[in-house]
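Each remark here refers to the structure printed beneath this line.
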Amino acid sequence: MSPRPTALIADDEPLLREALARQLAQAWPELDVVAQARNGREAIQQFEALHPDVCFLDVHMPGLSGVEAAHTIGRRAHLVFVTAYDHYAVQAFAQGALDYLVKPVEEARLAETVARLQERLRAAQPARNTEALLQQLAAQIAQLTSGAAPERLRWIRAQEGTAVRLIPVEDVDYLRADTKYTSVAWRDEAGRPGEALVRTALKELLAQLDPAQFKQVHRSVAVNLRAISRVSRGDNETAEIHLKGRKEVLAVSRSYLHLFRQM
C-alpha cells in the first residue's frame, strides 16, 4: 500500500488553520495534515523535520512570509498559497505550477486544487520553474505594498467567541473606532444587521479599503457610501447620515462636511 500524502498548513490565525484542516479532511480524506505553523519560520522548521508532500502557506505572516518560506522549501514540496487578496492570483498561479486559495476558501475551488495536487503527486514530478515563479510573485507583492498599487481588503476577519467570521467588505455599512478595536457594522445575505469587533485600528483598516467606497465622516467613524440612504443637514455646519436598513444615525463632524456638499 502506498503511503498516505502529507501536508503542512501555515497561517498566523489558528482558527483559520483549523478551518482549512477541516475542509481538507472533507475534500481529501486520504491526506494527513502532519503539521501546523504560525509563521514562515515555523513552517520551514516543520517542513525540514517532517518533509510533507504539500504546503499550504498564507501569503502574509509575521516574520517570514509564506512566499519567503516557499523560497526555502522550493521544489521539495507542492505549494499552495492562501490569501485574502485575490490580486495575488498572478500569472505564476495561472501557469499551474503554483496554486492558490482565496479566503474564505470555497469548497468548489478547494476541490479543483485538490484534484490538481493529486494529479501531480501521481505523476511524482515536482513543479517546474518554481524559483522563477516565486520571484515573479514576490515582485508582484512588493509592487502592491510599495504604494504604487495599494492592497484592497476583500474580507474583514472578526473574532466571534471561538470562531472567526469573514465579513465581505461590500457587506460592511460602517466602521467605528472602539478603544483598541474597531466595531464593524455589517449585514448578512438576508439583510440582517450585525456587529463584530476586530483587533485592527480604524486607521489601519481604512488604509486597506477602497477610498472611493469608504469615507471617514468623523474622527472615529468611516462609512460605506453604498450604505447611505440620505444625509440630512442641520444648523451650525452639522449633518447626519441615515443608513439603509439600519436605525443608527451617524454624525458627520465639521471636518468632513465637504464630502456631502453636493448631496
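Just so we're on the same page: first chain in the C-alpha cells is A, next is B, and so on; residues restart at 1 for each chain, and ligands are numbered from 1 in the order they show up.
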* To do: Mind the document's chain letters and residue numbers, and return as a ChimeraX atom specification the residues of region 150-223 of chain A that DSSP labels helix (DSSP H, G or I).
  => /A:169-171,202-208
Any chance you can output those residues with C-alpha atoms as a short mmCIF file (atom, residue, chain, number, x, y, z; two decimals), in the first residue's frame?
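Once written, result-v7.cif looks like this:
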```
data_model
loop_
_atom_site.label_atom_id
_atom_site.label_comp_id
_atom_site.auth_asym_id
_atom_site.auth_seq_id
_atom_site.Cartn_x
_atom_site.Cartn_y
_atom_site.Cartn_z
CA VAL A 169 -16.18 44.28 2.61
CA GLU A 170 -19.19 45.07 0.44
CA ASP A 171 -21.47 43.93 3.30
CA LEU A 202 -9.69 52.07 12.19
CA LYS A 203 -6.80 53.95 10.57
CA GLU A 204 -5.14 50.68 9.55
CA LEU A 205 -8.37 49.29 8.11
CA LEU A 206 -9.05 52.45 6.12
CA ALA A 207 -5.59 52.22 4.55
CA GLN A 208 -6.61 48.86 3.06
#
```
* Asked: So which residues touch region 241-249 of chain A within 7 Å, counting only C-alpha atoms, skipping near sequence neighbours fewer than 6 positions away, as an MDAnalysis selection string?
  -> chainID A and resid 227:232
Now that the selection is made, can you save its residues with N, CA, C and O atoms as a PDB file, in the first residue's frame?
```pdb
ATOM      1  N   ALA A 227     -24.000  52.337   1.592  1.00  0.00           N
ATOM      2  CA  ALA A 227     -24.962  52.040   2.654  1.00  0.00           C
ATOM      3  C   ALA A 227     -25.797  53.258   3.034  1.00  0.00           C
ATOM      4  O   ALA A 227     -26.748  53.144   3.816  1.00  0.00           O
ATOM      5  N   ILE A 228     -25.476  54.438   2.493  1.00  0.00           N
ATOM      6  CA  ILE A 228     -26.172  55.671   2.885  1.00  0.00           C
ATOM      7  C   ILE A 228     -27.498  55.787   2.138  1.00  0.00           C
ATOM      8  O   ILE A 228     -27.554  55.633   0.922  1.00  0.00           O
ATOM      9  N   SER A 229     -28.559  56.063   2.892  1.00  0.00           N
ATOM     10  CA  SER A 229     -29.860  56.332   2.254  1.00  0.00           C
ATOM     11  C   SER A 229     -30.049  57.836   2.040  1.00  0.00           C
ATOM     12  O   SER A 229     -30.546  58.270   1.005  1.00  0.00           O
ATOM     13  N   ARG A 230     -29.630  58.636   3.024  1.00  0.00           N
ATOM     14  CA  ARG A 230     -29.719  60.092   2.862  1.00  0.00           C
ATOM     15  C   ARG A 230     -28.826  60.774   3.885  1.00  0.00           C
ATOM     16  O   ARG A 230     -28.449  60.179   4.902  1.00  0.00           O
ATOM     17  N   VAL A 231     -28.508  62.033   3.606  1.00  0.00           N
ATOM     18  CA  VAL A 231     -27.737  62.865   4.529  1.00  0.00           C
ATOM     19  C   VAL A 231     -28.565  64.098   4.827  1.00  0.00           C
ATOM     20  O   VAL A 231     -28.966  64.832   3.915  1.00  0.00           O
ATOM     21  N   SER A 232     -28.857  64.303   6.096  1.00  0.00           N
ATOM     22  CA  SER A 232     -29.654  65.477   6.480  1.00  0.00           C
ATOM     23  C   SER A 232     -28.748  66.500   7.142  1.00  0.00           C
ATOM     24  O   SER A 232     -27.952  66.169   8.016  1.00  0.00           O
TER      25      SER A 232
END
```
* To do: Would you mind listing what lies within 12 Å of Val33 (chain A) as a list in words, with only C-alpha atoms counted and same-chain residues fewer than 6 positions away left out?
  =>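 Listed by chain and then number, they are Arg4, Pro5, Thr6, Ala7, Leu8, Ile9, Ala10, Arg17, Glu18, Leu20, Ala21, Arg22, Gln23, Leu24, Ala25, Gln46, Phe47, Leu50, His51, Pro52, Asp53, Val54, Cys55 and Phe56 of chain A.
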* Asked: What gap, in Å, lies between CA of Leu64 (chain A) and CA of Thr182 (chain A)?
  ->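 Straight-line distance from CA of Leu64 (chain A) to CA of Thr182 (chain A) works out to 26.8 Å.
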* Looking at A:Trp28, A:Thr83, A:Val252, A:Glu195, which one is nearest to Ala111 (chain A), with distances taken over only C-alpha atoms? -> A:Trp28
* Residue with smallest distance to Pro3 (chain A) - pool A:Ala35, A:Leu121, A:Ala158, A:Ala49, counting only C-alpha atoms -> A:Leu121
* Glu160 (chain A): which residues within 12 Å, counting only C-alpha atoms, same-chain residues fewer than 5 positions away excluded, as a PyMOL selection string? -> chain A and resi 15+165-167+194-199
* To do: May I have all residues of region 37-236 of chain A that DSSP, computed from the backbone, assigns to strand (DSSP E), given as a PyMOL selection string?
  => chain A and resi 37+54-58+78-83+99-102+155-160+163-168+172-178+181-187+193-198+214-218+221-224+228-233
* To do: List the neighbours of Glu112 (chain A) out to 12 Å using only C-alpha atoms; skip same-chain residues closer than 3 positions along the sequence, and give me the result as JSON, numbers by chain.
  => {"A": [24, 27, 28, 96, 99, 100, 101, 105, 106, 107, 108, 109, 115, 116, 117, 118, 119]}
Could you dump the residues just selected with N, CA and C atoms as an mmCIF file, in the first residue's frame?
```cif
data_model
loop_
_atom_site.group_PDB
_atom_site.id
_atom_site.type_symbol
_atom_site.label_atom_id
_atom_site.label_comp_id
_atom_site.auth_asym_id
_atom_site.auth_seq_id
_atom_site.Cartn_x
_atom_site.Cartn_y
_atom_site.Cartn_z
ATOM 1 N N LEU A 24 -10.031 20.289 4.337
ATOM 2 C CA LEU A 24 -9.208 19.300 3.651
ATOM 3 C C LEU A 24 -9.613 17.879 4.035
ATOM 4 N N ALA A 27 -12.539 17.269 1.766
ATOM 5 C CA ALA A 27 -12.230 17.242 0.334
ATOM 6 C C ALA A 27 -11.198 16.175 -0.031
ATOM 7 N N TRP A 28 -10.349 15.792 0.919
ATOM 8 C CA TRP A 28 -9.244 14.866 0.636
ATOM 9 C C TRP A 28 -9.008 14.001 1.873
ATOM 10 N N GLY A 96 -0.133 27.194 -13.517
ATOM 11 C CA GLY A 96 -0.428 25.887 -12.954
ATOM 12 C C GLY A 96 0.665 25.278 -12.104
ATOM 13 N N ASP A 99 -0.283 26.974 -6.980
ATOM 14 C CA ASP A 99 -1.733 27.112 -6.849
ATOM 15 C C ASP A 99 -2.038 28.087 -5.721
ATOM 16 N N TYR A 100 -3.284 28.527 -5.654
ATOM 17 C CA TYR A 100 -3.665 29.467 -4.609
ATOM 18 C C TYR A 100 -5.123 29.260 -4.233
ATOM 19 N N LEU A 101 -5.446 29.651 -3.013
ATOM 20 C CA LEU A 101 -6.810 29.647 -2.494
ATOM 21 C C LEU A 101 -7.082 31.020 -1.918
ATOM 22 N N VAL A 105 -12.082 30.053 1.998
ATOM 23 C CA VAL A 105 -11.871 29.016 0.992
ATOM 24 C C VAL A 105 -13.203 28.381 0.606
ATOM 25 N N GLU A 106 -13.515 28.417 -0.679
ATOM 26 C CA GLU A 106 -14.751 27.833 -1.179
ATOM 27 C C GLU A 106 -14.540 26.357 -1.507
ATOM 28 N N GLU A 107 -15.576 25.553 -1.257
ATOM 29 C CA GLU A 107 -15.467 24.111 -1.458
ATOM 30 C C GLU A 107 -15.117 23.757 -2.901
ATOM 31 N N ALA A 108 -15.768 24.425 -3.853
ATOM 32 C CA ALA A 108 -15.525 24.106 -5.266
ATOM 33 C C ALA A 108 -14.085 24.407 -5.652
ATOM 34 N N ARG A 109 -13.588 25.567 -5.203
ATOM 35 C CA ARG A 109 -12.210 25.942 -5.515
ATOM 36 C C ARG A 109 -11.222 24.980 -4.856
ATOM 37 N N ALA A 115 -7.706 18.233 -6.732
ATOM 38 C CA ALA A 115 -7.593 17.395 -7.925
ATOM 39 C C ALA A 115 -6.249 17.616 -8.622
ATOM 40 N N ARG A 116 -5.813 18.887 -8.717
ATOM 41 C CA ARG A 116 -4.524 19.168 -9.355
ATOM 42 C C ARG A 116 -3.367 18.589 -8.539
ATOM 43 N N LEU A 117 -3.449 18.729 -7.216
ATOM 44 C CA LEU A 117 -2.389 18.199 -6.362
ATOM 45 C C LEU A 117 -2.313 16.683 -6.452
ATOM 46 N N GLN A 118 -3.457 16.030 -6.479
ATOM 47 C CA GLN A 118 -3.468 14.574 -6.591
ATOM 48 C C GLN A 118 -2.833 14.116 -7.898
ATOM 49 N N GLU A 119 -3.127 14.856 -8.970
ATOM 50 C CA GLU A 119 -2.544 14.510 -10.262
ATOM 51 C C GLU A 119 -1.031 14.670 -10.245
#
```
* Find the residue from A:Ala190, A:Leu257, A:Ala77, A:Leu175 that sits nearest to Val223 (chain A); use only C-alpha atoms when measuring. => A:Leu175
* Find the residues near Leu16 (chain A): any atom within 9 Å, counting only C-alpha atoms, skip ones fewer than 6 places away on the same chain, and give them as a list in words. =>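 My reading of the contact set: Pro104, Ala163 and Val164 of chain A.
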* **From A:Leu31, A:Asp188, A:Met61, A:Ile73, residue lying nearest Gln45 (chain A) [only C-alpha atoms]** =>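 That would be A:Ile73, the residue with the smallest distance to Gln45 (chain A).
Picture a line from CA of Val184 (chain A) to CA of Val172 (chain A); it runs 6.9 Å.
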* **All residues 8 Å or closer to His71 (chain A), only C-alpha atoms, same chain fewer than 3 positions away omitted, as a PyMOL selection string** => chain A and resi 67-68+74+131+134
Selected residues written out, N, CA and C atoms, as a PDB file, in the first residue's frame:
```
ATOM      1  N   VAL A  67       5.620  33.457   1.092  1.00  0.00           N
ATOM      2  CA  VAL A  67       6.443  33.455  -0.118  1.00  0.00           C
ATOM      3  C   VAL A  67       7.911  33.247   0.241  1.00  0.00           C
ATOM      4  N   GLU A  68       8.364  33.881   1.315  1.00  0.00           N
ATOM      5  CA  GLU A  68       9.764  33.705   1.737  1.00  0.00           C
ATOM      6  C   GLU A  68      10.011  32.264   2.189  1.00  0.00           C
ATOM      7  N   GLY A  74      11.108  25.442  -1.798  1.00  0.00           N
ATOM      8  CA  GLY A  74      11.390  25.241  -3.217  1.00  0.00           C
ATOM      9  C   GLY A  74      10.619  24.095  -3.836  1.00  0.00           C
ATOM     10  N   GLU A 131      11.305  28.482  -8.702  1.00  0.00           N
ATOM     11  CA  GLU A 131      12.051  29.653  -8.236  1.00  0.00           C
ATOM     12  C   GLU A 131      11.696  30.890  -9.050  1.00  0.00           C
ATOM     13  N   LEU A 134       8.234  32.047  -8.057  1.00  0.00           N
ATOM     14  CA  LEU A 134       8.233  32.689  -6.739  1.00  0.00           C
ATOM     15  C   LEU A 134       8.815  34.097  -6.817  1.00  0.00           C
TER      16      LEU A 134
END
```
